[in-house]
Every structure is written in structure tokens, then in C-alpha cells.
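Working notes, beginning with the structure itself.
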Amino acid sequence: MAKKLYIKTYGCQMNVYDSARMADVLAPLGYAPSATAEDADMVILNTCHIREKAAEKVFSELGRLRPLKTRKGERGEPMILAVAGCVAQAEGAEILARAPFVDIVLGPQTYHRLPEMVARAARAGSQVLDTEFPAEGKFDFLPEAAAPQGVSAFLSVQEGCDKFCTFCVVPYTRGAEFSRPAAAVVAEARRLVAQGAREITLLGQNVNAWRGGDGGFGGLLRALAAIEGLERLRYTTSHPLDVDDALIAAHRELPALMPFLHLPVQSGSDAMLAAMNRRHRADDYRRIIERLSAARPDIAFSSDFIVGFPGESDKDFAATLALIREIGFAQAFSFKYSKRPGTPAAALPEQVPEAVKAERLAALQALLAEQQRRFNAAALGREMAVLFEKRGRHKGQLAGRSPYLQAVHAEAPEALIGTVAPVRITALLPNSLTGEIATARTEAAQ
């Protein structure tokens with residue numbers, strides 16, 4: 001009888017990719033996916049350290065899992081409990097000390113060793129901690145065989161970051177920048193397409209810093225765009241410093257590269273950008289946006305913003321609002337600054353009071369929400385190319401994504417799943433767009 005594996009994934013798309021690869025690594029051991037922890041022989045919490053109080057949320061989840069593990073053990077059904085990801089990397093010893101019922105703690109660079117860890121935990125009945133940054137690249141040891149991801153797939157091409165923004169834990173939890181070789185990336189992309197993927201999102205903590213082949217990241221995009229059957233390409237998350245001429249040319253010349261870019265700026269204040277060690281100014285960001293818009297006039301942008309960074313004045317915050325009004329964003333992610341242990345910003349003076357941070361975040365989010373509403377409203381009556389990914393919630397309905405990552409629902413036959421079809425947008429819902437297949441409407445009118 002197959003053993004059951006349940007993985008709870010927190011945070012970014014890279015963690016989603018890592019969770020899928022952990023399942024691939026464990027499949028030869030007989031582990032098949034489980035929909036719930038209650039039915040699982042092994043539970044993995046794949047954690048993220050970006051959000052506030054991330055570690056405490058993990059300990060809270062472990063507290064909920066402890067009685068389940070105990071009950072299963074009393075029935076003679078031992079359950080292996082593992083904590084993976086960035087919280088595991090940062091808090092490994094603390095996790096084992098505070099939660100001694102955890103069997104395995106592993107960092108994001110060591111999950112290719114999971115079979116060995118599982119064997120050690122099962123054989124010795126002791127805790128396993130592996131949060132090293134191994135000399136060998138984990139991607140060299142992952143199995144080629146992988147479960148299909150579906151119509152839209154993730155593909156990690158780069159990990160780690162050398163930028164050392166003062167608020168960020170990524171250089172400490174994911175390590176230095178590492179780029180997978182172009183041949184390996186293209187080979188995995190071909191396998192994904194053969195399994196039914198029509199859209200691939202390239203992942204990296206600093207994805208456009210990829211240096212795994214000639215031509216840089218722009219060259220990689222060109223190689224992937226040439227794969228037959230691959231309709232769409234996206235990438236996230238990128239850094240303004242690594243937007244070069246080749247990448248801008250790719251946006252101009254590759255129809256498969258979607259006209260939607262997530263490009264974090266964090267602040268519109270040069271003083272704050274310097275304190276964050278972003279190594280670009282607000283005007284540098286504006287010029288990049290201008291160049292990308294000139295190369296691809298239909299492009300839309302998303303970004304990240306932090307409010308209440310230490311020392312942020314009313315003037316600094318006003319500069320951020322001014323940049324947002326000037327550029328206009330289709331969507332964005334925004335957060336109050338919170339300390340991350342071990343990061344330089346945590347020790348900075350002039351920490352902004354919580355009440356001020358909350359007030360600024362509310363104002364910022366109101367502006368961003370209005371911009372997103374206007375962007376979505378502009379789609380009404382337009383015909384958009386939608387990649388249908390799955391059945392919708394209602395009978396006869398399919399769900400897909402526009403080129404701008406907007407969720408779109410339309411009545412359509414299931415044969416359209418995995419294809420791009422023209423959809424005329426007819427209604428704007430709080431979190432999605434509704435439309436009708438444009439070709440069907442045309443045929444009905446004839």
C-alpha cells in the first residue's frame with residue numbers, strides 16, 4: 001500500500017515549486033499525495049520567512065499537528081513530521097528544541113537529501129537537522145521524472161541573492177546567487193510542455209540575475225520561447241538593477257513573453273532606498289519603466305512596497321505615493337516594515353511607531369486598490385486572449401488567466417482547457433473578470 005504525503009506550502013511561488021520537487025524526490029519511496037494531514041504518513045511544512053511572525057505561525061501549526069502525530073503513533077501508524085524551507089533554515093535548532101516531536105528539519109538547499117533523512121529518522125528514531133549549504137547543487141540530484149504541474153507550471157532557474165537589502169533574510173536563508181545551466185532549464189521546460197504545460201513562470205529570488213548561459217536572462221527567454229507548444233512565458237521576482245538591454249529587447253520581440261512584469265521598488269524615496277541598500281534611485285526605476293513601456297506599449301506592472309521602514313518621514317512616504325500615482329500599477333503587494341532577526345535594518349534607529357505604519361499602509365493600499373480597480377475596469381468590453389487552465393466553479397464554466405494574470409471565467413467547452421482563446425470581457429467581479437468566448441458570439445450572430 002502506498003504511503004501518503006501531505007505538504008503544506010507557505011509563501012512564494014518558489015516554495016510551491018520546491019514542494020512539488022520534494023514530492024518527486026519522495027515518490028520512489030512509495031509516497032503518494034494526500035489531501036489532508038490526517039491521512040498522511042508524512043507531513044512537511046514548507047515554510048516562508050518573509051511574512052511577519054513567520055516562525056510563530058509555524059510553531060502554532062506544529063502545535064495543531066502534535067496531537068495528530070500522537071494519536072497516529074498510538075494506533076501503530078507512525079507519522080514523520082518535517083519542517084522545510086526558510087524558517088527551517090533560520091530557526092532549525094530552535095524548532096527541534098521547542099518542538100521535539102518534529103522528526104526532520106531541512107533547509108531549502110537540501111531537500112534532494114530527503115530520502116536519506118527519512119531513512120535516518122525512521123531507522124534511528126531520532127531527529128534529523130540538515131540546514132547546510134552543500135557544495136553540490138541540489139538540482140543535479142533531483143529526479144528528471146516529475147508529476148505534471150498542469151497547464152500553468154513553475155520552473156526554478158535561479159536561487160539566492162547577493163543584493164543584501166537591509167530588510168531581507170533571503171541571502172541568509174537561501175544563500176548566494178546560483179543560476180541553473182541553460183541546458184538544464186530548457187530540458188525541464190521541454191518536459192513540462194510534454195506533460196501539458198502551456199505557460200511557464202520562471203522563478204528566482206532574483207530571477208533576472210540569472211547567469212547560466214550566453215546572452216543572460218534575455219537569452220534564456222529566447223531559448224524557451226522557441227519551444228514548440230509553449231504559449232506563454234512569465235518570470236518573477238526581478239530586481240531593477242538586473243533589467244538590461246537584452247531583457248528589454250526580449251519584451252519587445254518575444255510574443256510569448258507576457259506584457260505583465262512584477263518589478264519591486266519598495267519605496268519612492270531615495271533616502272529610504274539608500275537605507276534599504278536597494279542600490280537604485282527612484283528615478284532609475286522610472287527610467288526602467290519608461291524603457292520597458294516603450295519596448296512593449298501594452299505592458300502593465302506590479303510591484304512591492306514597504307511602509308514604515310526605519311527613519312521613514314512623512315516626506316519619504318509622500319514620495320512613494322507620488323511614484324505610484326505617476327507610474328500606475330495593475331496590482332501590487334504592500335506591507336508594514338517588520339524586523340527580521342539578523343538583518344541590518346532590525347538594528348537601525350528611528351523605528352516607526354506601529355500606529356503610523358498602519359495609517360500609511362491604509363493610505364497606500366487604498367491608492368493601489370483604486371489603480372487596480374481602474375486597470376481591471378478598462379478590460380470591460382475588450383477582447384482578451386485567455387489561457388484556460390481548469391474547470392470553473394459552475395457547470396459549463398472554465399477558469400483561466402489574461403495576459404495580465406487576471407482571473408477570467410467564461411462558459412466554454414472543456415476542450416478549450418490548455419488553449420488560448422479570445423474572450424470578450426462582460427463583467428468585473430471583486431477578484432476576477434467574466435467574459436464570453438468571442439468566436440462563439442461571432443458564430444451565433446451569423
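Chain labels A, B, ... are given in the sequence in which chains occur in the C-alpha cells; within each chain residues are numbered consecutively from 1, and ligands are likewise numbered from 1 in the order shown.
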
Helix (DSSP H, G or I) positions in range 99-233 of chain A, given as a PyMOL selection string: chain A and resi 111-124+138-141+170-173+182-194+207-209+216-225

Could you write those residues out with C-alpha atoms, as a CSV table (one decimal), in the first residue's frame?
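Output saved as out_9.csv:
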chain,number,residue,atom,x,y,z
A,111,TYR,CA,15.6,18.7,0.1
A,112,HIS,CA,17.3,16.4,-2.5
A,113,ARG,CA,18.6,14.5,0.5
A,114,LEU,CA,15.1,13.8,1.8
A,115,PRO,CA,15.2,10.0,1.2
A,116,GLU,CA,18.3,9.7,3.3
A,117,MET,CA,16.7,11.9,6.0
A,118,VAL,CA,13.6,9.8,6.1
A,119,ALA,CA,15.6,6.6,6.3
A,120,ARG,CA,17.6,8.1,9.2
A,121,ALA,CA,14.5,9.3,11.1
A,122,ALA,CA,12.7,6.0,10.6
A,123,ARG,CA,15.7,3.8,11.4
A,124,ALA,CA,17.1,5.6,14.4
A,138,LYS,CA,20.6,20.2,-5.4
A,139,PHE,CA,19.3,20.5,-8.9
A,140,ASP,CA,21.9,18.0,-10.1
A,141,PHE,CA,20.4,15.4,-7.8
A,170,VAL,CA,16.9,35.7,1.7
A,171,PRO,CA,20.7,35.9,1.5
A,172,TYR,CA,20.9,34.2,4.8
A,173,THR,CA,18.2,31.5,4.2
A,182,ALA,CA,20.6,26.9,-19.6
A,183,ALA,CA,20.6,23.4,-21.0
A,184,ALA,CA,19.1,22.0,-17.7
A,185,VAL,CA,16.4,24.8,-17.7
A,186,VAL,CA,15.4,24.2,-21.3
A,187,ALA,CA,15.3,20.4,-20.8
A,188,GLU,CA,13.0,20.8,-17.8
A,189,ALA,CA,10.8,23.2,-19.8
A,190,ARG,CA,10.5,20.7,-22.6
A,191,ARG,CA,9.4,18.0,-20.1
A,192,LEU,CA,6.8,20.4,-18.6
A,193,VAL,CA,5.4,21.2,-22.1
A,194,ALA,CA,5.3,17.5,-23.0
A,207,VAL,CA,15.4,35.8,-11.3
A,208,ASN,CA,16.7,38.3,-13.9
A,209,ALA,CA,20.2,38.0,-12.3
A,216,GLY,CA,22.0,36.4,-19.9
A,217,PHE,CA,18.4,36.2,-18.8
A,218,GLY,CA,17.1,37.7,-22.1
A,219,GLY,CA,18.9,34.9,-24.0
A,220,LEU,CA,17.3,32.3,-21.8
A,221,LEU,CA,13.9,33.7,-22.5
A,222,ARG,CA,14.6,33.5,-26.2
A,223,ALA,CA,15.6,29.8,-26.0
A,224,LEU,CA,12.5,29.0,-24.0
A,225,ALA,CA,10.2,30.9,-26.3

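By chain and then residue number, the residues within 8 Å of range 77-83 of chain A are Ala40, Asp41, Met42, Val43, Ile44, Leu45, Asn46, Thr47, Lys69, Lys72, Ala88, Phe101, Val102, Asp103, Ile104, Val105, Leu106, Val118, Ala121 and Ala122 of chain A, counting only C-alpha atoms and disregarding those fewer than 5 positions away in sequence.
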
Any chance you can output those residues with C-alpha atoms as a PDB file, in the first residue's frame?
ATOM      1  CA  ALA A  40      -0.742  11.214   5.768  1.00  0.00           C
ATOM      2  CA  ASP A  41       2.199   9.065   6.803  1.00  0.00           C
ATOM      3  CA  MET A  42       4.477  12.086   6.358  1.00  0.00           C
ATOM      4  CA  VAL A  43       3.694  15.779   6.765  1.00  0.00           C
ATOM      5  CA  ILE A  44       6.011  18.546   5.553  1.00  0.00           C
ATOM      6  CA  LEU A  45       5.563  22.211   6.410  1.00  0.00           C
ATOM      7  CA  ASN A  46       7.405  24.117   3.670  1.00  0.00           C
ATOM      8  CA  THR A  47       7.878  27.473   5.338  1.00  0.00           C
ATOM      9  CA  LYS A  69       1.008  12.621  15.359  1.00  0.00           C
ATOM     10  CA  LYS A  72      -1.497   8.025  14.908  1.00  0.00           C
ATOM     11  CA  ALA A  88      13.687  25.861   8.966  1.00  0.00           C
ATOM     12  CA  PHE A 101       8.214  15.766  18.265  1.00  0.00           C
ATOM     13  CA  VAL A 102       9.469  17.088  14.895  1.00  0.00           C
ATOM     14  CA  ASP A 103      11.451  14.405  13.108  1.00  0.00           C
ATOM     15  CA  ILE A 104      13.221  16.331  10.321  1.00  0.00           C
ATOM     16  CA  VAL A 105      14.265  19.954   9.819  1.00  0.00           C
ATOM     17  CA  LEU A 106      15.767  20.781   6.443  1.00  0.00           C
ATOM     18  CA  VAL A 118      13.551   9.836   6.055  1.00  0.00           C
ATOM     19  CA  ALA A 121      14.537   9.310  11.084  1.00  0.00           C
ATOM     20  CA  ALA A 122      12.697   6.006  10.642  1.00  0.00           C
TER      21      ALA A 122
END

Residue contacts of Ala2 in chain A (7 Å, only C-alpha atoms) excluding same-chain residues fewer than 5 positions away, as a list in words: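 In the requested form, the answer reads Gly30, Tyr31 and Ala32 of chain A.
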
Surrounding residues of range 237-254 of chain A excluding itself and chain neighbours under 5 positions, 10 Å, only C-alpha atoms, as a PyMOL selection string: chain A and resi 12-14+163+202-210+215-222+225-226+232+259-265+278-281+284-285+288-289+291-297+299+303

Tell me, as number ranges by chain, which residues lie within 10 Å of Pro349 in chain A, counting only C-alpha atoms; anything in the same chain fewer than 4 positions away does not count. A: 310-311, 345

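Neighbouring residues of Leu429 in chain A at 12 Å or closer, counting only C-alpha atoms and skipping chain neighbours under 6 positions away, are Arg373, Asn376, Ala377, Ala379, Leu380, Gln406, Ala407, Val408, His409 and Gly435 of chain A.
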
Check range 184-363 of chain A with DSSP on the backbone and list each residue it calls strand (DSSP E), as a ChimeraX atom specification. /A:199-203,232-236,260-262,300-307,331-336

Convert the current residue selection to file output with C-alpha atoms, as an mmCIF file, in the first residue's frame.
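Wrote again_7.cif, looks like this:
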data_model
loop_
_atom_site.group_PDB
_atom_site.id
_atom_site.type_symbol
_atom_site.label_atom_id
_atom_site.label_comp_id
_atom_site.auth_asym_id
_atom_site.auth_seq_id
_atom_site.Cartn_x
_atom_site.Cartn_y
_atom_site.Cartn_z
ATOM 1 C CA GLU A 199 2.576 28.570 -19.696
ATOM 2 C CA ILE A 200 5.790 28.536 -17.664
ATOM 3 C CA THR A 201 6.701 31.024 -14.959
ATOM 4 C CA LEU A 202 10.443 31.197 -14.319
ATOM 5 C CA LEU A 203 11.280 31.566 -10.635
ATOM 6 C CA ARG A 232 3.331 31.891 -22.597
ATOM 7 C CA LEU A 233 6.356 32.892 -20.536
ATOM 8 C CA ARG A 234 6.472 34.842 -17.285
ATOM 9 C CA TYR A 235 9.108 35.417 -14.614
ATOM 10 C CA THR A 236 9.288 36.564 -11.009
ATOM 11 C CA PHE A 260 3.000 41.929 -17.295
ATOM 12 C CA LEU A 261 6.042 42.409 -15.069
ATOM 13 C CA HIS A 262 6.441 42.262 -11.309
ATOM 14 C CA ALA A 300 1.490 46.563 -17.181
ATOM 15 C CA PHE A 301 3.377 46.492 -13.906
ATOM 16 C CA SER A 302 3.162 45.079 -10.433
ATOM 17 C CA SER A 303 5.451 45.955 -7.540
ATOM 18 C CA ASP A 304 6.261 45.550 -3.841
ATOM 19 C CA PHE A 305 6.139 48.359 -1.285
ATOM 20 C CA ILE A 306 7.304 48.583 2.304
ATOM 21 C CA VAL A 307 5.912 51.367 4.509
ATOM 22 C CA GLN A 331 -1.591 45.244 -8.911
ATOM 23 C CA ALA A 332 0.897 45.370 -6.058
ATOM 24 C CA PHE A 333 1.905 43.845 -2.750
ATOM 25 C CA SER A 334 2.404 46.141 0.215
ATOM 26 C CA PHE A 335 3.486 45.563 3.787
ATOM 27 C CA LYS A 336 4.351 47.309 7.020
#

Kindly give the distance, in Å, that separates CA of Val151 in chain A and CA of Cys86 in chain A, rounded to a single decimal.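 We find that CA of Val151 in chain A and CA of Cys86 in chain A lie 27.8 Å from each other.
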
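Within the 9 Å cut-off around Glu231 in chain A, using only C-alpha atoms and omitting residues fewer than 4 positions from it on the same chain, the listed residues are Ala197, Arg198, Glu199, Ile200, Ala225, Ile227, Pro255, Ala256, Leu257, Leu387, Thr419 and Val420 of chain A.
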
A:Val423, A:Leu29, A:His49, A:Leu96 ranked by distance to Leu62 in chain A, top pick (using only C-alpha atoms): A:Leu96

In Å, rounded to a single decimal, give me how far CA of Tyr337 in chain A is from CA of Leu368 in chain A.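 Separating CA of Leu368 in chain A from CA of Tyr337 in chain A is a distance of 17.5 Å.
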
Quote the spacing between CA of Lys339 in chain A and CA of Ser19 in chain A in Å to one decimal place.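 We find that CA of Lys339 in chain A and CA of Ser19 in chain A lie 26.8 Å from each other.
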
Restricting the calculation to only C-alpha atoms, which member of A:Leu273, A:Leu428, A:Ala20, A:Leu68 is positioned closest to Gly150 in chain A?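 Comparing A:Leu273, A:Leu428, A:Ala20, A:Leu68 against Gly150 in chain A, the winner is A:Ala20.
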
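Each of A:Gly268, A:Gly400, A:Gly196, A:Gly11 was compared to Glu228 in chain A using only C-alpha atoms, and A:Gly196 turns out to be the nearest.
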
Given the choices A:Pro413, A:Pro422, A:Pro430, A:Pro148, which gets closest to Arg401 in chain A if the distance is worked out from only C-alpha atoms?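 Distance minimum relative to Arg401 in chain A lands on A:Pro422.
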